[in-house]
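Notes follow the structure.
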Amino acid sequence: MTIKYFRIFLVSSFSMMLLACKPTVPGEYISPDDMVDVLYDYYVSQAMADQDTKDGKMGYNRRVYFLAVLKKHGVTEAEFDSSMVYYHRRADYLRKIYAGVQQRMGEQTSGAAVSEIRKRYVAGGDTADIWRDAKFNILSPAIPYNRMDFTVKADTAFRKGDIYLLTFDTNYLYQSGTKDATVFIAVRYANDSIASFTQHVSSSGLTQLRVSPNNNDMVRDIRGFVYLDKGRDESSTLKMMFIDNIQFLRMRKPKETEPEESSSSFKNDSVVRPPRSLKQVPNTL
């Protein structure tokens, strides 16, 4: 064997060794690509079930739609559950699966969740969606997937007395454990005062968090997060929280109508002097 062919033989052998050592998903679990398809169809089916509430059987409809998704993809419920438990222990695969579902969801948003809210302010007023991040996200209790942070910088379109409303659809996929997520918003004004707003989310459906108007000070920036608490359940059972149709509305009432509340009467919020770094505010959990 010449030196040339010997080198080719070594390179080929080394490549085969790398391929053989590459980690693969055991055959008893759903493949990552197929899991992306299953989870995407799962979310769509559950959103449809939540809208079909005329007969008062939302829970039943969600179950039926879920089984229909499994049948479509030719997997059993046990295979689905065990696969999700497996991927929750493998951050490398889980990251790719989440990214795949987010890509499938894209920038779609129905807007139906906030249509009635918009109607109250659009007529004769000024309403804008100031959300610039992805409209869809997935959270799980495992770090770093348990938190979605966001920041909105004020511009010349912001006015004193504006009302802000964060709204999104929530869909929990839990095998066991307590469902508990926290939505937090901190508004920093030009005088460096901060108004904070918090709400807990423990069930699927529409979530809204309203920022009361301030007639005296301009907004400098708005920061916040959605945090999914793992609770006391330390098991590796399936726990996922889908967040979709995210909108952050900046609403301005008509000039002839004053805002509902003055800056001196915030509801369910606190106004405090900021810490040395505003980044400390979202890390209170």
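Just remember, in the structure tokens the first chain shown is A, the second B, etc., residues are 1-based per chain, and ligands are 1-based in the order shown.
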
| said: Applying 12 Å and only C-alpha atoms, which residues near Tyr43 in chain A remain after dropping the ones on its own chain fewer than 2 positions away? List them as a ChimeraX atom specification. | reply: /A:36-41,45-50,62,65-66,69,101-102,104-105,136-138,169-173,204,240-244

Got time to write the residues from that selection, C-alpha atoms, as a compact mmCIF listing (two decimals), in the first residue's frame?
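Printed below is again.txt as written:
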# COMPACT_ATOMS: atom_id res chain seq x y z
CA VAL A 36 -41.07 19.18 16.22
CA ASP A 37 -43.99 18.17 13.97
CA VAL A 38 -45.88 16.55 16.86
CA LEU A 39 -45.47 19.53 19.19
CA TYR A 40 -46.46 21.99 16.49
CA ASP A 41 -49.64 20.06 15.72
CA SER A 45 -54.94 21.47 18.15
CA GLN A 46 -55.10 22.78 21.72
CA ALA A 47 -55.63 26.33 20.48
CA MET A 48 -58.54 25.05 18.40
CA ALA A 49 -59.96 23.19 21.42
CA ASP A 50 -59.81 26.36 23.53
CA ARG A 62 -58.48 19.18 24.36
CA TYR A 65 -57.69 16.74 19.79
CA PHE A 66 -54.51 15.57 21.52
CA VAL A 69 -52.56 14.45 16.84
CA VAL A 101 -41.28 24.64 16.84
CA GLN A 102 -40.64 28.39 17.09
CA ARG A 104 -42.79 26.62 12.46
CA MET A 105 -44.90 29.06 14.41
CA PHE A 136 -44.14 32.71 20.13
CA ASN A 137 -42.08 31.09 22.86
CA ILE A 138 -41.83 27.85 24.83
CA ASP A 169 -52.23 33.15 24.85
CA THR A 170 -50.98 30.46 27.25
CA ASN A 171 -51.16 26.72 26.75
CA TYR A 172 -49.80 24.38 29.43
CA LEU A 173 -48.63 20.85 28.68
CA SER A 204 -54.24 27.89 29.89
CA MET A 240 -44.10 22.85 28.98
CA MET A 241 -45.71 26.27 28.65
CA PHE A 242 -46.52 27.58 25.18
CA ILE A 243 -46.77 31.37 24.81
CA ASP A 244 -48.29 32.65 21.58

Who sits within 12 Å of Leu228 in chain A, only C-alpha atoms, same chain under 5 positions skipped, as a PDB file with C-alpha atoms, in the first residue's frame:
ATOM      1  CA  ILE A 138     -41.830  27.849  24.834  1.00  0.00           C
ATOM      2  CA  LEU A 139     -40.892  27.662  28.494  1.00  0.00           C
ATOM      3  CA  SER A 140     -40.038  24.713  30.715  1.00  0.00           C
ATOM      4  CA  PRO A 141     -38.877  24.623  34.360  1.00  0.00           C
ATOM      5  CA  ALA A 142     -35.327  23.726  33.309  1.00  0.00           C
ATOM      6  CA  ILE A 143     -32.787  26.568  33.205  1.00  0.00           C
ATOM      7  CA  PRO A 144     -32.352  28.494  30.865  1.00  0.00           C
ATOM      8  CA  TYR A 145     -35.719  27.647  29.277  1.00  0.00           C
ATOM      9  CA  ASN A 146     -37.771  28.810  32.274  1.00  0.00           C
ATOM     10  CA  ARG A 147     -37.637  32.522  31.523  1.00  0.00           C
ATOM     11  CA  MET A 148     -38.476  34.963  28.717  1.00  0.00           C
ATOM     12  CA  ASP A 149     -37.031  38.460  29.209  1.00  0.00           C
ATOM     13  CA  THR A 170     -50.982  30.459  27.250  1.00  0.00           C
ATOM     14  CA  TYR A 172     -49.803  24.382  29.434  1.00  0.00           C
ATOM     15  CA  THR A 178     -48.418  22.759  39.881  1.00  0.00           C
ATOM     16  CA  LYS A 179     -48.706  25.187  36.984  1.00  0.00           C
ATOM     17  CA  ASP A 180     -47.388  28.555  38.053  1.00  0.00           C
ATOM     18  CA  ALA A 181     -45.851  31.272  35.902  1.00  0.00           C
ATOM     19  CA  THR A 182     -45.168  34.882  36.859  1.00  0.00           C
ATOM     20  CA  VAL A 183     -45.480  37.868  34.525  1.00  0.00           C
ATOM     21  CA  PHE A 184     -43.518  40.921  35.695  1.00  0.00           C
ATOM     22  CA  HIS A 200     -49.531  34.888  38.191  1.00  0.00           C
ATOM     23  CA  VAL A 201     -50.661  32.517  35.425  1.00  0.00           C
ATOM     24  CA  SER A 202     -51.848  29.083  36.558  1.00  0.00           C
ATOM     25  CA  LYS A 239     -43.771  20.333  31.800  1.00  0.00           C
ATOM     26  CA  MET A 240     -44.102  22.852  28.984  1.00  0.00           C
ATOM     27  CA  MET A 241     -45.705  26.270  28.654  1.00  0.00           C
ATOM     28  CA  PHE A 242     -46.520  27.582  25.175  1.00  0.00           C
ATOM     29  CA  ILE A 243     -46.773  31.369  24.806  1.00  0.00           C
ATOM     30  CA  LEU A 285     -37.537  35.437  41.861  1.00  0.00           C
TER      31      LEU A 285
END

| Selected residue, from A:Ile97, A:Val44, A:Met218, A:Ala91, that lies nearest to Ala157 in chain A when counting only C-alpha atoms |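 Using only C-alpha atoms, the shortest distance to Ala157 in chain A belongs to A:Met218.
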
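Proximity to range 129-133 of chain A at 6 Å, evaluated using only C-alpha atoms and with sequence-adjacent residues fewer than 6 positions away removed, yields Gln247, Phe248 and Leu249 of chain A.
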
| task | Go through range 59-226 of chain A and collect every residue that DSSP, computed from the backbone, puts in strand (DSSP E); the answer should be as a PyMOL selection string. | result | chain A and resi 126-129+137-139+147-153+163-174+181-189+194-201+205-211+219-226

| Residue neighbourhood Ser83 in chain A, 7 Å, only C-alpha atoms, exclusion window fewer than 4 positions, as a ChimeraX atom specification | /A:29-30,79,87

May I have the selected residues written with C-alpha atoms, as an mmCIF file, in the first residue's frame?
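Saved the output as again-v5.cif:
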data_model
loop_
_atom_site.group_PDB
_atom_site.id
_atom_site.type_symbol
_atom_site.label_atom_id
_atom_site.label_comp_id
_atom_site.auth_asym_id
_atom_site.auth_seq_id
_atom_site.Cartn_x
_atom_site.Cartn_y
_atom_site.Cartn_z
ATOM 1 C CA TYR A 29 -38.099 7.576 21.395
ATOM 2 C CA ILE A 30 -39.617 9.901 18.807
ATOM 3 C CA GLU A 79 -44.190 7.022 23.443
ATOM 4 C CA TYR A 87 -35.577 15.252 25.747
#

| Among the residues A:Met35, A:Ala190, A:Val85, A:Leu67, the one that comes closest to Ala99 in chain A [using only C-alpha atoms] |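 Between A:Met35, A:Ala190, A:Val85, A:Leu67, the residue approaching Ala99 in chain A most closely is A:Met35.
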
| task | Give the helix (DSSP H, G or I) residues of range 70-177 of chain A, as DSSP finds them on the backbone, and put them as an NGL selection string. | result | :A and (70-73 or 77-88 or 91-105 or 112-122)
